[in-house]
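Q: Structure incoming, see below.
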Amino acid sequence: MTRLTLGISAPSLLVAAWIGAQGGEPPRAPLLWGGDAEGGAPFVEADPTDASKVRGFDVEVAETIARGLGREARFLQVQWSSIDQSVERGDFAIGLSGMEDTPARRARHSVTVPYFEFREVLAVRSADVGRFSRLADLRGRRVATLGATVAYDILVTARDSLGVIPVSYDDDVHPYSDLVAGRVDAVLLDHIIAQRALRRRGGAGFVIQPQAVAVGRYVGVLAKGDAALRDSVDVVLRAAMRDGTLERIFRRWDVWDPGQGALFRRVAGRAEDGPFEVGAQHAAPLRDAAPLRPGVWAYLPSLGRAAVITAVLSVLAMAVAVVVGLVVASGRVYGPATVRAAMTAYVEVIRGTPVLLQLFVLYYGLAGLVRLPAFLAAVLGLGLNYAAYEAEIYRSALEAVSRAQLEAARTLGFSEAQILRLVRGPQALRYALAPMTNDFVALLKDSSLVSVLTVVELTKQTAIYATNIGSWIMPGVLCGVVYLAMSLPLARLGRRLERRWGAA
Amino acid sequence: MTGDAGGTRGALLGIHELRLNYGAREVLRAATVEVRRGEVVALMGLSGAGKTSALRAVAALQRFHGGRIVVDGFALEPGPAPPESRLKPLRRRVGLVFQGHALFEHLTALENVTLALTHVLGRRRDEAEGEAERLLAALEVGGRAGALPRELSGGEAQRVAIARALAPDPALLLMDEPTAALDPARRSSLGRTLRRLAADDGGRGLLIATHDAAFARAHADRVAILADGVVVEAGSPAEVLDRPAHHATRALLAAGDG
């Protein structure tokens, strides 16, 4: 309770004060709960008629809990992958958004009894139903899932034992569209998510294999220090299992199945005091798939690999940017009016829209026309974006060479091509080198954006690491050190070039 | 206009009735000047009289709208500038020294001079360097061959620019305000150098745009005064500058004294 009072945000305090001022009797503080409406129905989705309201079975579970505590439920939007850190920070009292029950989560937070049992199921293209029915059938194949989930941990384990290739996504929609598009060969996710994806596609395009790969449970997540509140929540949840409240909620959202009844009997049949023991109730595969990870050293190889990916990606993207930038700049300086207009439009559109949007359009938006592999799309996306900035550097560098020198070269009998090669180009290059170096440093850091295209580079790997160990401190320091090791020498080089050749 | 500047026959450069506009503004109306081999001609006028425009038209850097320019048998006609490939004979005949010297900033003095020799005239590098060293020495900047333009004084840079323009051995050398950045001692030194250039190698023609009357009086063979888009007066410095007949010449001399 103290945790809650400390944790509620300033706006909620204002709201509470306002409510207090309106009514006669001061109401109890609302129960602030965190969830991600981006996850959508049936978990939590924004009400189509009123975007400020949410609905879904997790919303109704939250309302049930709040009612049981004699309080009013109030929703806080939190990015799904941040719910654990956010609840520990005290942003809200309880996180409910299809949060999986894992040993790691239990070790770091106060976790409620499970209130829903889900199955991790494989989805495969209709044509592959006979070939890929189990993970073992997918050796050497790309299997997609949502990052930082039990399913992802299962896939990482299966990489070592079965040779499947895990592909991590930031959302649970694109794994299925990429499955249908052929970018991946299977998707492993909760059956609720798989069934929803299949409904969205009108039941066509892929098939959900009936045999579950593993079984898991959804729980509410509270801060480690909130064990007392967690115990009260457990009492409410067990009561809601016994009196049919939860069953009615799940039936209303069409996610009820006999497995839930069995779960309720196991959970609610126990003594009401004392937490639900996770180990005794879990299916073996789930436990094996999500071991608590050891310390820093275990992560160094994967961080090293991710750093190499970041470096290679940045160098290739810069190469694309330089080549395309030169073409665009030449078009703007030497081209006829139509070419100049086209090149100017390219530069303005690229510079005027977010690079994240461009990456999404390139990778997902154009997937119907060209199905680019993620790494290539990342190189092209960043390269084409930076090309616009490079083009402006080259254009201004070309224009910084005095007209008189170009005319002097003409009177000496040089051709236009010779003037560019012997007089204008070499000088423009000197003007451009320092800003190019600075751009490359910026690109190195912007390369972290391509994790939205499932490329696991340095920042993404760090985020996975941080989620696994439940802290951003050590991963953040390590990641920062690696970025600095790459960018500081470049920045120094840029300053030296600037001193040597900068425009006078 | 005087009878002296009438025909172009026998002249190295003939500018005949040159008309040149910038939009609606007519800078040159019917300017006529000629330069013979071995002759230094000073083209004089107040700022904006069109001296630089006339030089640029002769070097085919600037289109003109009427009249005719003939350089050693090569004729330029009014209208858009012809493609650079058609101008090759002109480029061999005409050198231009810009007012701001316009040296290639990334190259040394020596490389500024050799660049056209190796890449336009196809000379071997050692041959080109020997020629460039000879030219720099003749212009009294032989000791500065390895310096970059930004390391040169104004006077040195100008001499390197002259050497660069002379490298392809043009018959006609155009110079825009060569004395603008020089002190009096360097002016007369430059004047003597230019006289020697005019006499060298069977004779070059020099057309020098200037408003420096003292320089013109001391070093030019002939003076042409440009005003209101025409050459209003032309002749020897003694005739034109000591006994000015036209009010524009008197205005120019008054401005120069001030």
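Naming works like this for the structure tokens: A, B, ... for the chains as they're shown, residue 1 at the start of each chain, ligands 1 onward in shown order.
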Show me, as a Markdown table, the residues of chain B having an atom within 7 Å of chain A, each with the closest atom pair and its distance in Å, using only C-alpha atoms.
A:
```
| residue | atom | partner | partner_atom | distance |
| --- | --- | --- | --- | --- |
| B:Ala59 | CA | A:Thr411 | CA | 6.6 |
| B:Glu84 | CA | A:Ser415 | CA | 7.0 |
| B:Lys88 | CA | A:Gly413 | CA | 6.4 |
| B:Arg91 | CA | A:Gly413 | CA | 5.3 |
| B:Gly95 | CA | A:Thr411 | CA | 6.6 |
| B:Leu96 | CA | A:Thr411 | CA | 6.8 |
| B:Ala102 | CA | A:Gln405 | CA | 4.9 |
| B:Leu103 | CA | A:Gln405 | CA | 6.4 |
| B:Phe104 | CA | A:Gln405 | CA | 6.2 |
| B:His106 | CA | A:Gln427 | CA | 6.3 |
| B:Ala116 | CA | A:Leu412 | CA | 6.3 |
| B:Val120 | CA | A:Phe414 | CA | 6.2 |
```
Q: Quick one: residues within 9 Å of Leu76 of chain A, only C-alpha atoms counted, chain neighbours fewer than 2 positions away excluded, as a list in words?
A: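 Residues meeting the cut-off are Leu32, Trp33, Gly34, Gly35, Asp36, Arg74, Val78, Asp91 and Phe92 of chain A.
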Q: Give me a file of those residues, with N, CA and C atoms, as a PDB file, in the first residue's frame.
A:
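Below is the file that was written, result17.pdb:
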```pdb
ATOM      1  N   LEU A  32      -4.150   1.732  -9.758  1.00  0.00           N
ATOM      2  CA  LEU A  32      -3.549   2.032 -11.058  1.00  0.00           C
ATOM      3  C   LEU A  32      -2.941   0.747 -11.614  1.00  0.00           C
ATOM      4  N   TRP A  33      -3.379   0.356 -12.791  1.00  0.00           N
ATOM      5  CA  TRP A  33      -2.808  -0.860 -13.381  1.00  0.00           C
ATOM      6  C   TRP A  33      -2.241  -0.561 -14.762  1.00  0.00           C
ATOM      7  N   GLY A  34      -1.163  -1.249 -15.097  1.00  0.00           N
ATOM      8  CA  GLY A  34      -0.480  -0.993 -16.362  1.00  0.00           C
ATOM      9  C   GLY A  34      -0.717  -2.097 -17.359  1.00  0.00           C
ATOM     10  N   GLY A  35      -0.918  -1.699 -18.614  1.00  0.00           N
ATOM     11  CA  GLY A  35      -1.077  -2.664 -19.696  1.00  0.00           C
ATOM     12  C   GLY A  35      -0.751  -1.982 -21.006  1.00  0.00           C
ATOM     13  N   ASP A  36      -0.698  -2.784 -22.067  1.00  0.00           N
ATOM     14  CA  ASP A  36      -0.340  -2.208 -23.376  1.00  0.00           C
ATOM     15  C   ASP A  36      -1.490  -2.405 -24.347  1.00  0.00           C
ATOM     16  N   ARG A  74      -7.887   2.026 -12.572  1.00  0.00           N
ATOM     17  CA  ARG A  74      -7.508   3.083 -13.522  1.00  0.00           C
ATOM     18  C   ARG A  74      -6.357   2.571 -14.374  1.00  0.00           C
ATOM     19  N   VAL A  78       1.356   1.338 -20.903  1.00  0.00           N
ATOM     20  CA  VAL A  78       2.792   1.090 -20.763  1.00  0.00           C
ATOM     21  C   VAL A  78       3.201   0.156 -21.897  1.00  0.00           C
ATOM     22  N   ASP A  91       5.472   3.030 -11.249  1.00  0.00           N
ATOM     23  CA  ASP A  91       4.589   3.799 -12.136  1.00  0.00           C
ATOM     24  C   ASP A  91       3.119   3.410 -11.936  1.00  0.00           C
ATOM     25  N   PHE A  92       2.890   2.164 -11.543  1.00  0.00           N
ATOM     26  CA  PHE A  92       1.521   1.676 -11.307  1.00  0.00           C
ATOM     27  C   PHE A  92       1.638   0.500 -10.346  1.00  0.00           C
TER      28      PHE A  92
END
```
Q: Write out as number ranges by chain the residues lying within 6 Å of segment 372-382 of chain A, counting only C-alpha atoms and excluding same-chain residues fewer than 6 positions away.
A: A: 317, 359, 450, 453
Q: Keeping N, CA and C atoms, export the residues of the selection given above as a CSV table (one decimal), in the first residue's frame.
A:
```csv
chain,number,residue,atom,x,y,z
A,317,ALA,N,25.6,0.6,-44.9
A,317,ALA,CA,24.6,1.6,-45.1
A,317,ALA,C,25.3,2.9,-45.5
A,359,LEU,N,11.6,3.0,-42.6
A,359,LEU,CA,12.0,1.5,-42.5
A,359,LEU,C,10.8,0.7,-42.5
A,450,VAL,N,17.0,-0.2,-36.6
A,450,VAL,CA,16.6,-1.3,-37.5
A,450,VAL,C,16.1,-2.5,-36.7
A,453,LEU,N,13.0,-4.1,-37.6
A,453,LEU,CA,12.9,-5.0,-38.8
A,453,LEU,C,13.5,-6.4,-38.4
```
Q: Any idea what's packed within 12 Å of Ala254 of chain B, counting only C-alpha atoms, ignoring anything in its chain fewer than 4 positions away? Could you give it as an MDAnalysis selection string?
A: chainID B and resid 45:46 211:213 241 244 247:250 258
Q: Keeping only N, CA and C atoms, take the residues you just selected and write them out as a PDB file, in the first residue's frame.
A:
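For reference, out-v2.pdb as written:
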```pdb
ATOM      1  N   GLY B  45      37.989  52.269 -67.896  1.00  0.00           N
ATOM      2  CA  GLY B  45      36.617  52.719 -67.696  1.00  0.00           C
ATOM      3  C   GLY B  45      36.299  52.674 -66.224  1.00  0.00           C
ATOM      4  N   LEU B  46      35.211  53.377 -65.833  1.00  0.00           N
ATOM      5  CA  LEU B  46      34.788  53.358 -64.436  1.00  0.00           C
ATOM      6  C   LEU B  46      34.215  51.974 -64.113  1.00  0.00           C
ATOM      7  N   HIS B 211      41.483  50.417 -64.146  1.00  0.00           N
ATOM      8  CA  HIS B 211      41.123  51.816 -64.013  1.00  0.00           C
ATOM      9  C   HIS B 211      42.308  52.605 -63.463  1.00  0.00           C
ATOM     10  N   ASP B 212      43.501  51.965 -63.516  1.00  0.00           N
ATOM     11  CA  ASP B 212      44.723  52.556 -62.967  1.00  0.00           C
ATOM     12  C   ASP B 212      45.420  53.360 -64.076  1.00  0.00           C
ATOM     13  N   ALA B 213      45.181  54.673 -64.119  1.00  0.00           N
ATOM     14  CA  ALA B 213      45.685  55.520 -65.217  1.00  0.00           C
ATOM     15  C   ALA B 213      47.215  55.582 -65.194  1.00  0.00           C
ATOM     16  N   LEU B 241      45.403  60.141 -72.375  1.00  0.00           N
ATOM     17  CA  LEU B 241      45.397  60.440 -70.955  1.00  0.00           C
ATOM     18  C   LEU B 241      45.922  61.848 -70.649  1.00  0.00           C
ATOM     19  N   PRO B 244      42.859  64.484 -72.684  1.00  0.00           N
ATOM     20  CA  PRO B 244      41.553  63.808 -72.835  1.00  0.00           C
ATOM     21  C   PRO B 244      40.570  64.674 -73.607  1.00  0.00           C
ATOM     22  N   HIS B 247      34.545  63.700 -72.093  1.00  0.00           N
ATOM     23  CA  HIS B 247      34.291  63.997 -70.675  1.00  0.00           C
ATOM     24  C   HIS B 247      34.393  62.727 -69.826  1.00  0.00           C
ATOM     25  N   ALA B 248      34.095  61.561 -70.420  1.00  0.00           N
ATOM     26  CA  ALA B 248      34.192  60.304 -69.655  1.00  0.00           C
ATOM     27  C   ALA B 248      35.641  60.036 -69.280  1.00  0.00           C
ATOM     28  N   THR B 249      36.571  60.354 -70.173  1.00  0.00           N
ATOM     29  CA  THR B 249      37.988  60.168 -69.875  1.00  0.00           C
ATOM     30  C   THR B 249      38.408  61.091 -68.736  1.00  0.00           C
ATOM     31  N   ARG B 250      37.922  62.308 -68.797  1.00  0.00           N
ATOM     32  CA  ARG B 250      38.266  63.263 -67.734  1.00  0.00           C
ATOM     33  C   ARG B 250      37.672  62.788 -66.394  1.00  0.00           C
ATOM     34  N   GLY B 258      41.542  60.731 -57.198  1.00  0.00           N
ATOM     35  CA  GLY B 258      40.919  60.909 -55.893  1.00  0.00           C
ATOM     36  C   GLY B 258      41.219  59.791 -54.951  1.00  0.00           C
TER      37      GLY B 258
END
```
Q: Apply DSSP to the backbone of this structure and, from segment 35-212 of chain B, keep only the residues in strand (DSSP E or B); write these as a PyMOL selection string.
A: chain B and resi 35+40-44+64+66-71+74-76+79+94-97+172-176+205-210
Q: Can I get the selection written as a short mmCIF file (atom, residue, chain, number, x, y, z; two decimals), in the first residue's frame, with C-alpha atoms?
A:
```cif
data_model
loop_
_atom_site.label_atom_id
_atom_site.label_comp_id
_atom_site.auth_asym_id
_atom_site.auth_seq_id
_atom_site.Cartn_x
_atom_site.Cartn_y
_atom_site.Cartn_z
CA VAL B 35 44.98 44.32 -80.14
CA VAL B 40 49.81 46.06 -74.61
CA VAL B 41 46.34 47.64 -74.71
CA ALA B 42 44.73 49.09 -71.59
CA LEU B 43 40.92 48.89 -71.61
CA MET B 44 39.90 51.62 -69.19
CA PHE B 64 26.97 38.44 -76.13
CA GLY B 66 25.58 41.62 -81.15
CA GLY B 67 28.78 42.35 -83.03
CA ARG B 68 31.67 39.98 -83.56
CA ILE B 69 34.88 38.84 -81.86
CA VAL B 70 37.80 37.40 -83.85
CA VAL B 71 40.89 35.97 -82.12
CA PHE B 74 38.79 32.21 -84.74
CA ALA B 75 35.43 33.99 -84.75
CA LEU B 76 32.85 34.13 -81.93
CA GLY B 79 24.11 33.95 -79.04
CA VAL B 94 43.47 33.01 -75.23
CA GLY B 95 44.67 33.09 -71.63
CA LEU B 96 42.76 34.92 -68.88
CA VAL B 97 44.11 36.14 -65.55
CA LEU B 172 46.46 36.70 -76.47
CA LEU B 173 46.57 37.30 -72.72
CA LEU B 174 43.59 38.97 -71.02
CA MET B 175 44.05 40.46 -67.56
CA ASP B 176 41.37 41.80 -65.25
CA GLY B 205 48.89 40.65 -77.47
CA LEU B 206 47.85 41.81 -73.98
CA LEU B 207 44.45 43.30 -73.24
CA ILE B 208 44.37 44.67 -69.71
CA ALA B 209 41.18 45.88 -68.05
CA THR B 210 42.16 48.54 -65.53
#
```
Q: Using only C-alpha atoms, find the one residue out of A:Thr102, A:Gln85, A:Thr310, A:Thr149 that sits nearest to Ser448 of chain A.
A: A:Thr310
Q: Show me, as an MDAnalysis selection string, the residues that have an atom within 10 Å of Gly56 of chain A when counting only C-alpha atoms, minus same-chain residues fewer than 5 positions from it.
A: chainID A and resid 37 40:47 61:62 97 249:250 252:253
Q: Give me every alpha helix (DSSP H) residue in segment 59-152 of chain B, going by DSSP on the backbone, as a PyMOL selection string.
A: chain B and resi 88-93+109-119+125-138
Q: For those residues, write N, CA and C atoms to a file as a PDB file, in the first residue's frame.
A:
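part.pdb written:
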```pdb
ATOM      1  N   LYS B  88      37.860  24.647 -78.513  1.00  0.00           N
ATOM      2  CA  LYS B  88      39.248  24.254 -78.275  1.00  0.00           C
ATOM      3  C   LYS B  88      40.264  25.184 -78.954  1.00  0.00           C
ATOM      4  N   PRO B  89      40.033  25.559 -80.236  1.00  0.00           N
ATOM      5  CA  PRO B  89      41.028  26.461 -80.867  1.00  0.00           C
ATOM      6  C   PRO B  89      41.140  27.798 -80.121  1.00  0.00           C
ATOM      7  N   LEU B  90      39.998  28.292 -79.609  1.00  0.00           N
ATOM      8  CA  LEU B  90      40.023  29.559 -78.864  1.00  0.00           C
ATOM      9  C   LEU B  90      40.801  29.391 -77.561  1.00  0.00           C
ATOM     10  N   ARG B  91      40.559  28.256 -76.870  1.00  0.00           N
ATOM     11  CA  ARG B  91      41.218  28.027 -75.584  1.00  0.00           C
ATOM     12  C   ARG B  91      42.733  28.018 -75.744  1.00  0.00           C
ATOM     13  N   ARG B  92      43.228  27.512 -76.901  1.00  0.00           N
ATOM     14  CA  ARG B  92      44.674  27.510 -77.134  1.00  0.00           C
ATOM     15  C   ARG B  92      45.211  28.924 -77.374  1.00  0.00           C
ATOM     16  N   ARG B  93      44.336  29.812 -77.877  1.00  0.00           N
ATOM     17  CA  ARG B  93      44.803  31.140 -78.286  1.00  0.00           C
ATOM     18  C   ARG B  93      44.715  32.179 -77.181  1.00  0.00           C
ATOM     19  N   ALA B 109      51.750  25.913 -56.350  1.00  0.00           N
ATOM     20  CA  ALA B 109      51.977  26.850 -57.458  1.00  0.00           C
ATOM     21  C   ALA B 109      52.419  26.084 -58.695  1.00  0.00           C
ATOM     22  N   LEU B 110      53.366  25.171 -58.505  1.00  0.00           N
ATOM     23  CA  LEU B 110      53.873  24.409 -59.652  1.00  0.00           C
ATOM     24  C   LEU B 110      52.762  23.580 -60.291  1.00  0.00           C
ATOM     25  N   GLU B 111      51.971  22.894 -59.443  1.00  0.00           N
ATOM     26  CA  GLU B 111      50.897  22.045 -59.985  1.00  0.00           C
ATOM     27  C   GLU B 111      49.826  22.874 -60.686  1.00  0.00           C
ATOM     28  N   ASN B 112      49.567  24.102 -60.201  1.00  0.00           N
ATOM     29  CA  ASN B 112      48.631  24.982 -60.879  1.00  0.00           C
ATOM     30  C   ASN B 112      49.068  25.212 -62.320  1.00  0.00           C
ATOM     31  N   VAL B 113      50.370  25.332 -62.510  1.00  0.00           N
ATOM     32  CA  VAL B 113      50.884  25.624 -63.862  1.00  0.00           C
ATOM     33  C   VAL B 113      50.945  24.362 -64.716  1.00  0.00           C
ATOM     34  N   THR B 114      51.306  23.216 -64.079  1.00  0.00           N
ATOM     35  CA  THR B 114      51.483  22.006 -64.903  1.00  0.00           C
ATOM     36  C   THR B 114      50.168  21.339 -65.284  1.00  0.00           C
ATOM     37  N   LEU B 115      49.085  21.615 -64.527  1.00  0.00           N
ATOM     38  CA  LEU B 115      47.849  20.837 -64.706  1.00  0.00           C
ATOM     39  C   LEU B 115      47.355  20.853 -66.159  1.00  0.00           C
ATOM     40  N   ALA B 116      47.305  22.050 -66.764  1.00  0.00           N
ATOM     41  CA  ALA B 116      46.822  22.120 -68.146  1.00  0.00           C
ATOM     42  C   ALA B 116      47.844  21.520 -69.112  1.00  0.00           C
ATOM     43  N   LEU B 117      49.113  21.662 -68.780  1.00  0.00           N
ATOM     44  CA  LEU B 117      50.138  21.108 -69.673  1.00  0.00           C
ATOM     45  C   LEU B 117      50.006  19.596 -69.775  1.00  0.00           C
ATOM     46  N   THR B 118      49.797  18.936 -68.639  1.00  0.00           N
ATOM     47  CA  THR B 118      49.728  17.473 -68.681  1.00  0.00           C
ATOM     48  C   THR B 118      48.358  16.985 -69.130  1.00  0.00           C
ATOM     49  N   HIS B 119      47.280  17.633 -68.692  1.00  0.00           N
ATOM     50  CA  HIS B 119      45.944  17.069 -68.944  1.00  0.00           C
ATOM     51  C   HIS B 119      45.268  17.634 -70.173  1.00  0.00           C
ATOM     52  N   ARG B 125      55.022  14.489 -67.687  1.00  0.00           N
ATOM     53  CA  ARG B 125      55.084  15.212 -66.430  1.00  0.00           C
ATOM     54  C   ARG B 125      56.393  15.977 -66.256  1.00  0.00           C
ATOM     55  N   ASP B 126      57.547  15.309 -66.529  1.00  0.00           N
ATOM     56  CA  ASP B 126      58.834  15.976 -66.299  1.00  0.00           C
ATOM     57  C   ASP B 126      58.994  17.176 -67.234  1.00  0.00           C
ATOM     58  N   GLU B 127      58.515  16.993 -68.451  1.00  0.00           N
ATOM     59  CA  GLU B 127      58.580  18.071 -69.434  1.00  0.00           C
ATOM     60  C   GLU B 127      57.730  19.258 -68.957  1.00  0.00           C
ATOM     61  N   ALA B 128      56.509  18.925 -68.471  1.00  0.00           N
ATOM     62  CA  ALA B 128      55.592  19.970 -67.998  1.00  0.00           C
ATOM     63  C   ALA B 128      56.189  20.689 -66.801  1.00  0.00           C
ATOM     64  N   GLU B 129      56.839  19.941 -65.914  1.00  0.00           N
ATOM     65  CA  GLU B 129      57.407  20.577 -64.723  1.00  0.00           C
ATOM     66  C   GLU B 129      58.568  21.498 -65.077  1.00  0.00           C
ATOM     67  N   GLY B 130      59.358  21.064 -66.051  1.00  0.00           N
ATOM     68  CA  GLY B 130      60.457  21.929 -66.497  1.00  0.00           C
ATOM     69  C   GLY B 130      59.917  23.235 -67.052  1.00  0.00           C
ATOM     70  N   GLU B 131      58.870  23.118 -67.876  1.00  0.00           N
ATOM     71  CA  GLU B 131      58.254  24.304 -68.486  1.00  0.00           C
ATOM     72  C   GLU B 131      57.663  25.211 -67.393  1.00  0.00           C
ATOM     73  N   ALA B 132      57.002  24.594 -66.424  1.00  0.00           N
ATOM     74  CA  ALA B 132      56.368  25.376 -65.361  1.00  0.00           C
ATOM     75  C   ALA B 132      57.417  26.093 -64.517  1.00  0.00           C
ATOM     76  N   GLU B 133      58.508  25.389 -64.214  1.00  0.00           N
ATOM     77  CA  GLU B 133      59.570  26.026 -63.426  1.00  0.00           C
ATOM     78  C   GLU B 133      60.169  27.211 -64.180  1.00  0.00           C
ATOM     79  N   ARG B 134      60.319  27.055 -65.483  1.00  0.00           N
ATOM     80  CA  ARG B 134      60.857  28.152 -66.298  1.00  0.00           C
ATOM     81  C   ARG B 134      59.915  29.363 -66.242  1.00  0.00           C
ATOM     82  N   LEU B 135      58.582  29.087 -66.370  1.00  0.00           N
ATOM     83  CA  LEU B 135      57.602  30.181 -66.348  1.00  0.00           C
ATOM     84  C   LEU B 135      57.579  30.875 -64.983  1.00  0.00           C
ATOM     85  N   LEU B 136      57.578  30.090 -63.904  1.00  0.00           N
ATOM     86  CA  LEU B 136      57.544  30.683 -62.561  1.00  0.00           C
ATOM     87  C   LEU B 136      58.802  31.526 -62.333  1.00  0.00           C
ATOM     88  N   ALA B 137      59.938  31.036 -62.811  1.00  0.00           N
ATOM     89  CA  ALA B 137      61.182  31.794 -62.643  1.00  0.00           C
ATOM     90  C   ALA B 137      61.099  33.098 -63.435  1.00  0.00           C
ATOM     91  N   ALA B 138      60.548  33.004 -64.659  1.00  0.00           N
ATOM     92  CA  ALA B 138      60.442  34.208 -65.485  1.00  0.00           C
ATOM     93  C   ALA B 138      59.542  35.241 -64.822  1.00  0.00           C
TER      94      ALA B 138
END
```
Q: For a quick check of understanding, using only C-alpha atoms, which of B:Pro237, B:Leu139, B:Asp228, B:Ala216 has the smallest distance to Thr193 of chain B?
A: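 Going through B:Pro237, B:Leu139, B:Asp228, B:Ala216 one by one, the smallest distance to Thr193 of chain B is for B:Leu139.
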Q: Pick out the residues sitting within 7 Å of Gly235 of chain B, and hand them over as a ChimeraX atom specification; count only C-alpha atoms, and ignore anything fewer than 3 positions along from it in its own chain.
A: /B:222-224,239-240
Q: Near Leu18 of chain B, within 10 Å and counting only C-alpha atoms, which residues show up once chain neighbours fewer than 3 positions away are dropped, as a count of residues only?
A: 19
Q: Using Å and a single decimal, report how far atom CA of Pro435 of chain A sits from atom CA of Tyr394 of chain A.
A: 9.7 Å
Q: What does the structure give for the distance between atom CA of Glu120 of chain A and atom CA of Lys460 of chain A, in Å to one decimal?
A: 23.7 Å
